[in-house]
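> Got a file for you: work.pdb, PDB, C-alpha atoms.
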ATOM      1  CA  MET A  75     -12.018   6.606 -14.344
ATOM      2  CA  ALA A  76     -11.205  10.163 -13.273
ATOM      3  CA  PHE A  77     -12.725  11.973 -10.313
ATOM      4  CA  ALA A  78     -14.726  15.180 -10.634
ATOM      5  CA  SER A  79     -13.934  16.035  -7.019
ATOM      6  CA  VAL A  80     -12.074  14.640  -4.023
ATOM      7  CA  ARG A  81     -12.653  15.900  -0.493
ATOM      8  CA  GLN A  82     -11.540  15.097   3.015
ATOM      9  CA  ALA A  83     -14.608  13.875   4.897
ATOM     10  CA  ALA A  84     -13.316  13.144   8.410
ATOM     11  CA  GLU A  85     -10.289  13.156  10.729
ATOM     12  CA  ALA A  86      -9.670  11.702  14.189
ATOM     13  CA  ASP A  87      -7.026  10.312  16.535
ATOM     14  CA  PHE A  88      -6.203   6.662  15.902
ATOM     15  CA  PRO A  89      -3.976   4.717  18.341
ATOM     16  CA  THR A  90      -2.676   1.368  17.010
ATOM     17  CA  ARG A  91      -0.206  -1.384  17.864
ATOM     18  CA  TRP A  92       2.296   0.442  15.632
ATOM     19  CA  GLY A  93       1.874   3.860  17.229
ATOM     20  CA  VAL A  94      -0.525   6.791  17.249
ATOM     21  CA  PHE A  95      -1.855   7.956  13.889
ATOM     22  CA  ARG A  96      -4.444  10.422  12.666
ATOM     23  CA  ILE A  97      -7.084   8.635  10.596
ATOM     24  CA  LEU A  98      -8.446  10.636   7.669
ATOM     25  CA  GLY A  99     -11.323   9.749   5.385
ATOM     26  CA  PHE A 100     -11.411  10.894   1.759
ATOM     27  CA  GLU A 101     -14.200  10.580  -0.768
ATOM     28  CA  GLY A 102     -13.904  10.854  -4.519
ATOM     29  CA  VAL A 103     -16.869  11.499  -6.825
ATOM     30  CA  ARG A 104     -16.434  10.045 -10.281
ATOM     31  CA  GLU A 105     -16.331  12.391 -13.237
ATOM     32  CA  ASP A 106     -18.937  10.597 -15.384
ATOM     33  CA  THR A 107     -21.328   8.518 -13.304
ATOM     34  CA  ALA A 108     -23.295   7.609 -16.423
ATOM     35  CA  ALA A 109     -20.328   5.770 -17.939
ATOM     36  CA  LYS A 110     -20.047   2.556 -15.973
ATOM     37  CA  ASP A 111     -16.591   1.048 -15.660
ATOM     38  CA  SER A 112     -16.603  -2.732 -16.148
ATOM     39  CA  CYS A 113     -14.067  -3.040 -13.361
ATOM     40  CA  ASP A 114     -15.643  -0.617 -10.905
ATOM     41  CA  PRO A 115     -19.146   0.808 -11.520
ATOM     42  CA  ARG A 116     -19.314   2.830  -8.282
ATOM     43  CA  ASP A 117     -20.195   6.513  -8.438
ATOM     44  CA  THR A 118     -18.001   7.305  -5.437
ATOM     45  CA  GLU A 119     -14.946   5.733  -3.871
ATOM     46  CA  GLY A 120     -13.645   6.013  -0.327
ATOM     47  CA  LEU A 121     -10.058   6.087   0.887
ATOM     48  CA  VAL A 122      -8.661   5.921   4.410
ATOM     49  CA  ALA A 123      -5.320   7.512   5.283
ATOM     50  CA  LEU A 124      -3.378   6.702   8.446
ATOM     51  CA  VAL A 125      -0.971   9.580   9.021
ATOM     52  CA  MET A 126       1.856   9.588  11.561
ATOM     53  CA  GLY A 127       4.247  12.362  12.496
ATOM     54  CA  ASP A 128       5.780  15.085  10.333
ATOM     55  CA  ILE A 129       4.993  14.292   6.702
ATOM     56  CA  HIS A 130       6.213  17.600   5.263
ATOM     57  CA  SER A 131       9.838  18.190   6.322
ATOM     58  CA  ALA A 132      11.070  15.275   4.176
ATOM     59  CA  PRO A 133       9.463  12.872   1.679
ATOM     60  CA  PRO A 134       7.451  10.498   3.921
ATOM     61  CA  LEU A 135       7.175   6.746   3.707
ATOM     62  CA  VAL A 136       3.910   5.977   1.910
ATOM     63  CA  ARG A 137       2.121   2.710   1.304
ATOM     64  CA  ILE A 138      -0.893   2.447  -1.041
ATOM     65  CA  HIS A 139      -2.621  -0.687   0.210
ATOM     66  CA  SER A 140      -5.526  -2.231  -1.671
ATOM     67  CA  GLN A 141      -8.296  -3.545   0.553
ATOM     68  CA  CYS A 142      -8.113  -7.325   1.069
ATOM     69  CA  LEU A 143     -10.807  -8.633   3.404
ATOM     70  CA  THR A 144      -9.584 -12.214   3.166
ATOM     71  CA  GLY A 145      -5.989 -11.328   3.981
ATOM     72  CA  ASP A 146      -6.172  -8.177   6.100
ATOM     73  CA  VAL A 147      -9.068  -9.367   8.292
ATOM     74  CA  PHE A 148      -9.125 -13.171   8.094
ATOM     75  CA  GLY A 149      -5.368 -13.744   7.765
ATOM     76  CA  SER A 150      -5.543 -15.593   4.449
ATOM     77  CA  LEU A 151      -2.304 -17.150   3.252
ATOM     78  CA  ARG A 152      -3.471 -17.302  -0.356
ATOM     79  CA  CYS A 153      -1.804 -13.870  -0.680
ATOM     80  CA  ASP A 154       0.796 -11.696   1.048
ATOM     81  CA  CYS A 155      -1.555  -8.755   1.658
ATOM     82  CA  ARG A 156      -1.781  -8.803   5.455
ATOM     83  CA  LEU A 157       1.958  -9.370   5.773
ATOM     84  CA  GLN A 158       2.583  -6.372   3.503
ATOM     85  CA  LEU A 159       0.129  -4.246   5.484
ATOM     86  CA  GLU A 160       1.871  -5.065   8.762
ATOM     87  CA  LEU A 161       5.294  -4.547   7.188
ATOM     88  CA  ALA A 162       4.304  -1.064   6.018
ATOM     89  CA  LEU A 163       2.834  -0.082   9.391
ATOM     90  CA  THR A 164       5.970  -1.375  11.120
ATOM     91  CA  LYS A 165       8.245   0.658   8.823
ATOM     92  CA  ILE A 166       6.160   3.811   9.350
ATOM     93  CA  GLY A 167       6.086   3.262  13.112
ATOM     94  CA  GLU A 168       9.862   2.766  13.258
ATOM     95  CA  ALA A 169      10.415   5.902  11.168
ATOM     96  CA  GLY A 170       8.004   7.888  13.339
ATOM     97  CA  ALA A 171       6.371   9.395  10.262
ATOM     98  CA  GLY A 172       4.529   8.229   7.169
ATOM     99  CA  ILE A 173       1.207   7.580   5.496
ATOM    100  CA  LEU A 174      -0.733   4.417   4.821
ATOM    101  CA  LEU A 175      -3.400   4.895   2.144
ATOM    102  CA  TYR A 176      -6.027   2.135   2.317
ATOM    103  CA  GLU A 177      -7.954   2.019  -0.933
ATOM    104  CA  GLN A 178     -11.249   0.225  -1.661
ATOM    105  CA  GLN A 179      -9.831  -1.964  -4.437
ATOM    106  CA  GLU A 180     -10.723  -5.491  -3.297
ATOM    107  CA  GLY A 181      -9.418  -8.261  -5.531
ATOM    108  CA  ARG A 182      -7.234  -5.920  -7.617
ATOM    109  CA  GLY A 183     -10.335  -3.817  -8.183
ATOM    110  CA  ILE A 184     -12.887  -6.472  -9.209
ATOM    111  CA  GLY A 185     -14.763  -6.572  -5.876
ATOM    112  CA  LEU A 186     -15.188  -9.185  -3.174
ATOM    113  CA  MET A 187     -17.708 -11.541  -4.805
ATOM    114  CA  ALA A 188     -15.777 -11.611  -8.091
ATOM    115  CA  LYS A 189     -12.605 -12.234  -6.117
ATOM    116  CA  LEU A 190     -14.186 -15.283  -4.457
ATOM    117  CA  LYS A 191     -15.262 -16.550  -7.888
ATOM    118  CA  ALA A 192     -11.651 -16.090  -8.976
ATOM    119  CA  TYR A 193     -10.594 -18.206  -5.985
ATOM    120  CA  GLU A 194     -12.810 -21.006  -7.324
ATOM    121  CA  LEU A 195     -11.090 -20.816 -10.695
ATOM    122  CA  GLN A 196      -7.669 -20.786  -9.041
ATOM    123  CA  ASP A 197      -8.595 -23.967  -7.168
ATOM    124  CA  LYS A 198      -9.147 -25.518 -10.617
ATOM    125  CA  GLY A 199      -5.644 -24.588 -11.742
ATOM    126  CA  LEU A 200      -5.796 -21.037 -13.087
ATOM    127  CA  ASP A 201      -3.427 -18.399 -11.770
ATOM    128  CA  THR A 202      -4.703 -15.042 -10.507
ATOM    129  CA  VAL A 203      -4.309 -13.290 -13.856
ATOM    130  CA  GLU A 204      -6.009 -16.095 -15.794
ATOM    131  CA  ALA A 205      -8.883 -16.229 -13.300
ATOM    132  CA  ASN A 206      -9.574 -12.484 -13.530
ATOM    133  CA  GLU A 207      -9.481 -12.602 -17.314
ATOM    134  CA  GLN A 208     -11.795 -15.620 -17.497
ATOM    135  CA  LEU A 209     -14.317 -13.656 -15.428
ATOM    136  CA  GLY A 210     -14.155 -10.849 -17.986
ATOM    137  CA  TYR A 211     -11.898  -8.450 -16.087
ATOM    138  CA  ALA A 212      -8.446  -7.078 -16.706
ATOM    139  CA  ALA A 213      -5.575  -8.763 -14.895
ATOM    140  CA  ASP A 214      -5.463  -5.696 -12.634
ATOM    141  CA  CYS A 215      -8.395  -3.266 -12.528
ATOM    142  CA  ARG A 216      -6.886  -0.916  -9.985
ATOM    143  CA  ALA A 217      -6.236   2.770 -10.510
ATOM    144  CA  TYR A 218      -4.447   5.171  -8.202
ATOM    145  CA  GLU A 219      -5.939   8.590  -8.964
ATOM    146  CA  LEU A 220      -7.620   8.810  -5.549
ATOM    147  CA  PRO A 221      -4.477   8.122  -3.471
ATOM    148  CA  ALA A 222      -2.594  10.718  -5.540
ATOM    149  CA  ALA A 223      -5.374  13.269  -4.989
ATOM    150  CA  ALA A 224      -5.389  12.553  -1.243
ATOM    151  CA  LEU A 225      -1.636  13.102  -1.068
ATOM    152  CA  ARG A 226      -2.011  16.443  -2.834
ATOM    153  CA  LEU A 227      -4.777  17.480  -0.408
ATOM    154  CA  MET A 228      -2.387  16.658   2.444
ATOM    155  CA  GLY A 229       0.294  18.827   0.829
ATOM    156  CA  VAL A 230       2.569  15.880  -0.015
ATOM    157  CA  THR A 231       4.270  16.017  -3.414
ATOM    158  CA  GLN A 232       7.263  13.714  -2.817
ATOM    159  CA  VAL A 233       7.171  10.227  -1.288
ATOM    160  CA  ARG A 234       9.231   7.159  -0.473
ATOM    161  CA  LEU A 235       6.835   4.527  -1.764
ATOM    162  CA  ILE A 236       6.623   1.101  -0.117
ATOM    163  CA  THR A 237       5.772  -1.201  -3.020
ATOM    164  CA  ASN A 238       6.916  -4.047  -5.241
ATOM    165  CA  ASN A 239       4.630  -2.838  -8.048
ATOM    166  CA  PRO A 240       6.198  -0.528 -10.668
ATOM    167  CA  GLU A 241       2.702   0.475 -11.846
ATOM    168  CA  LYS A 242       2.085   2.246  -8.537
ATOM    169  CA  VAL A 243       5.299   4.213  -8.980
ATOM    170  CA  ALA A 244       4.350   5.162 -12.553
ATOM    171  CA  ALA A 245       0.790   6.107 -11.551
ATOM    172  CA  LEU A 246       1.939   8.484  -8.823
ATOM    173  CA  GLU A 247       4.594  10.011 -11.049
ATOM    174  CA  SER A 248       2.047  10.599 -13.831
ATOM    175  CA  ALA A 249      -0.242  12.285 -11.280
ATOM    176  CA  GLY A 250       2.482  14.721 -10.253
ATOM    177  CA  ILE A 251       3.686  12.952  -7.088
ATOM    178  CA  GLU A 252       7.449  12.400  -7.216
ATOM    179  CA  VAL A 253       8.612   8.978  -5.978
ATOM    180  CA  VAL A 254      12.102   9.724  -4.675
ATOM    181  CA  GLU A 255      12.628   6.118  -3.528
ATOM    182  CA  ARG A 256      10.949   2.757  -3.959
ATOM    183  CA  VAL A 257      11.084   0.854  -0.661
ATOM    184  CA  SER A 258      10.638  -2.896  -0.961
ATOM    185  CA  ALA A 259       7.407  -4.412   0.360
ATOM    186  CA  GLU A 260       8.702  -7.959  -0.032
ATOM    187  CA  VAL A 261       7.773 -10.302   2.809
ATOM    188  CA  GLU A 262       8.906 -13.826   3.626
ATOM    189  CA  SER A 263       7.407 -16.193   1.084
ATOM    190  CA  GLN A 264       5.006 -18.878   2.280
ATOM    191  CA  GLU A 265       4.411 -22.091   0.343
ATOM    192  CA  THR A 266       0.692 -21.273   0.167
ATOM    193  CA  PHE A 267       1.276 -18.110  -1.875
ATOM    194  CA  GLN A 268       4.474 -18.859  -3.803
ATOM    195  CA  ARG A 269       2.583 -19.333  -7.086
ATOM    196  CA  TYR A 270       0.693 -16.092  -6.421
ATOM    197  CA  LEU A 271       3.991 -14.209  -6.079
ATOM    198  CA  ARG A 272       5.486 -15.866  -9.168
ATOM    199  CA  THR A 273       2.448 -14.787 -11.194
ATOM    200  CA  LYS A 274       2.834 -11.198  -9.996
ATOM    201  CA  GLN A 275       6.525 -11.304 -10.885
ATOM    202  CA  GLU A 276       6.252 -13.032 -14.272
ATOM    203  CA  LYS A 277       2.989 -11.590 -15.596
ATOM    204  CA  MET A 278       2.642  -8.246 -13.816
ATOM    205  CA  GLY A 279       6.239  -7.097 -13.468
ATOM    206  CA  HIS A 280       6.377  -6.951  -9.674
ATOM    207  CA  ILE A 281       9.865  -6.756  -8.193
ATOM    208  CA  PHE A 282      10.989  -9.567  -5.878
ATOM    209  CA  GLU A 283      14.377 -10.850  -4.809
ATOM    210  CA  ASN A 284      13.485 -14.127  -3.103
ATOM    211  CA  VAL A 285      10.544 -15.823  -4.835
ATOM    212  CA  PRO A 286      11.252 -19.557  -5.294
ATOM    213  CA  SER A 287      11.028 -20.788  -8.860
ATOM    214  CA  ALA A 288       8.316 -23.234  -9.920
ATOM    215  CA  ASN A 289      10.925 -26.006 -10.006
ATOM    216  CA  ASN A 290      12.042 -25.553  -6.384
TER
END
Could you render the structure from this file as structure tokens?

Amino acid sequence: MAFASVRQAAEADFPTRWGVFRILGFEGVREDTAAKDSCDPRDTEGLVALVMGDIHSAPPLVRIHSQCLTGDVFGSLRCDCRLQLELALTKIGEAGAGILLYEQQEGRGIGLMAKLKAYELQDKGLDTVEANEQLGYAADCRAYELPAAALRLMGVTQVRLITNNPEKVAALESAGIEVVERVSAEVESQETFQRYLRTKQEKMGHIFENVPSANN
């Protein structure tokens, strides 16, 4: 769903283990709040940007990271989310410049409670795509209009995007943000999320080099 307006709501210093960032808050107001999206019925959506260094002299490293409470906060090994988050922050810190966009898209956009229900279905044998679809959602409900709008507000029109997901590249390109390079976000595979990665590769087109096959 498109946004009627996107604004920067806050900005502050933000020291981290990976270096010193500026933390920016963005808020998008949906274009038609009367039309409820089955994936995401919210009227507004928030986005956090961690910005380091000079992001204008050259296309910066950028990671669009979807919120994952279970992985990012609790260290879940059902997914690779926290490992990807730390990989992106490490790459940005080593480069001395870049942007991490943290989007409120829990469970590929279905929300936390629905994501936990999907976990139940996965424990019964369904993969992540099948579980989302059985709950009545698309395999991936995420959209990337808000990150693209935030980049434009920051004056960034070209990026080196840290992702394994071609849909993120296509979404930014369609929104007028040029992706001059796709930087791999592949992390070391763990046995606990090998099936999860295979599903993303086989059913969602994600790009991996080292995901063990189901027969390994």
> Taking the file as shown, find all residues satisfying the PyMOL selection byres ((chain A and resi 165) around 12) and write them as a list in words.
Trp92, Gly93, Met126, Pro134, Leu135, Val136, Arg137, Gln158, Leu159, Glu160, Leu161, Ala162, Leu163, Thr164, Ile166, Gly167, Glu168, Ala169, Gly170, Ala171, Gly172, Ile173, Leu174, Arg234, Leu235, Ile236, Val257, Ser258 and Ala259 of chain A
> Given the choices A:Ala245, A:Leu227, A:Cys153, A:Leu175, which gets closest to A:Ile97 if the distance is worked out from all atoms listed in the file?
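Checking each candidate against A:Ile97, we get A:Leu175 as the closest.
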> Any chance you could resolve the PyMOL selection byres ((chain A and resi 231) around 12) against this file and give the residues as a count of residues only?
30
> A:Val103, A:Ala244, A:Val125, A:Ala188: which is nearest A:Pro89, counting only C-alpha atoms?
A:Val125
> Mind giving me the straight-line distance from atom CA of A:Thr202 to atom CA of A:Thr237 in Å, one decimal?
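Taking atom CA of A:Thr202 and atom CA of A:Thr237, their separation equals 18.9 Å.
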> Got a sec to resolve the PyMOL selection byres ((chain A and resi 264) around 10) on this structure and send the residues as a list in words?
Leu151, Arg152, Cys153, Asp154, Val261, Glu262, Ser263, Glu265, Thr266, Phe267, Gln268, Arg269, Leu271, Val285 and Pro286 of chain A
> Report as a list in words all protein, DNA and RNA residues lying within 10 Å of A:Ser79, evaluated on all atoms listed in the file, omitting residues in the same chain fewer than 2 positions from it.
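Non-adjacent residues within range: Ala76, Phe77, Arg81, Glu101, Gly102, Val103, Arg104, Glu105, Thr118, Leu220 and Ala223 of chain A.
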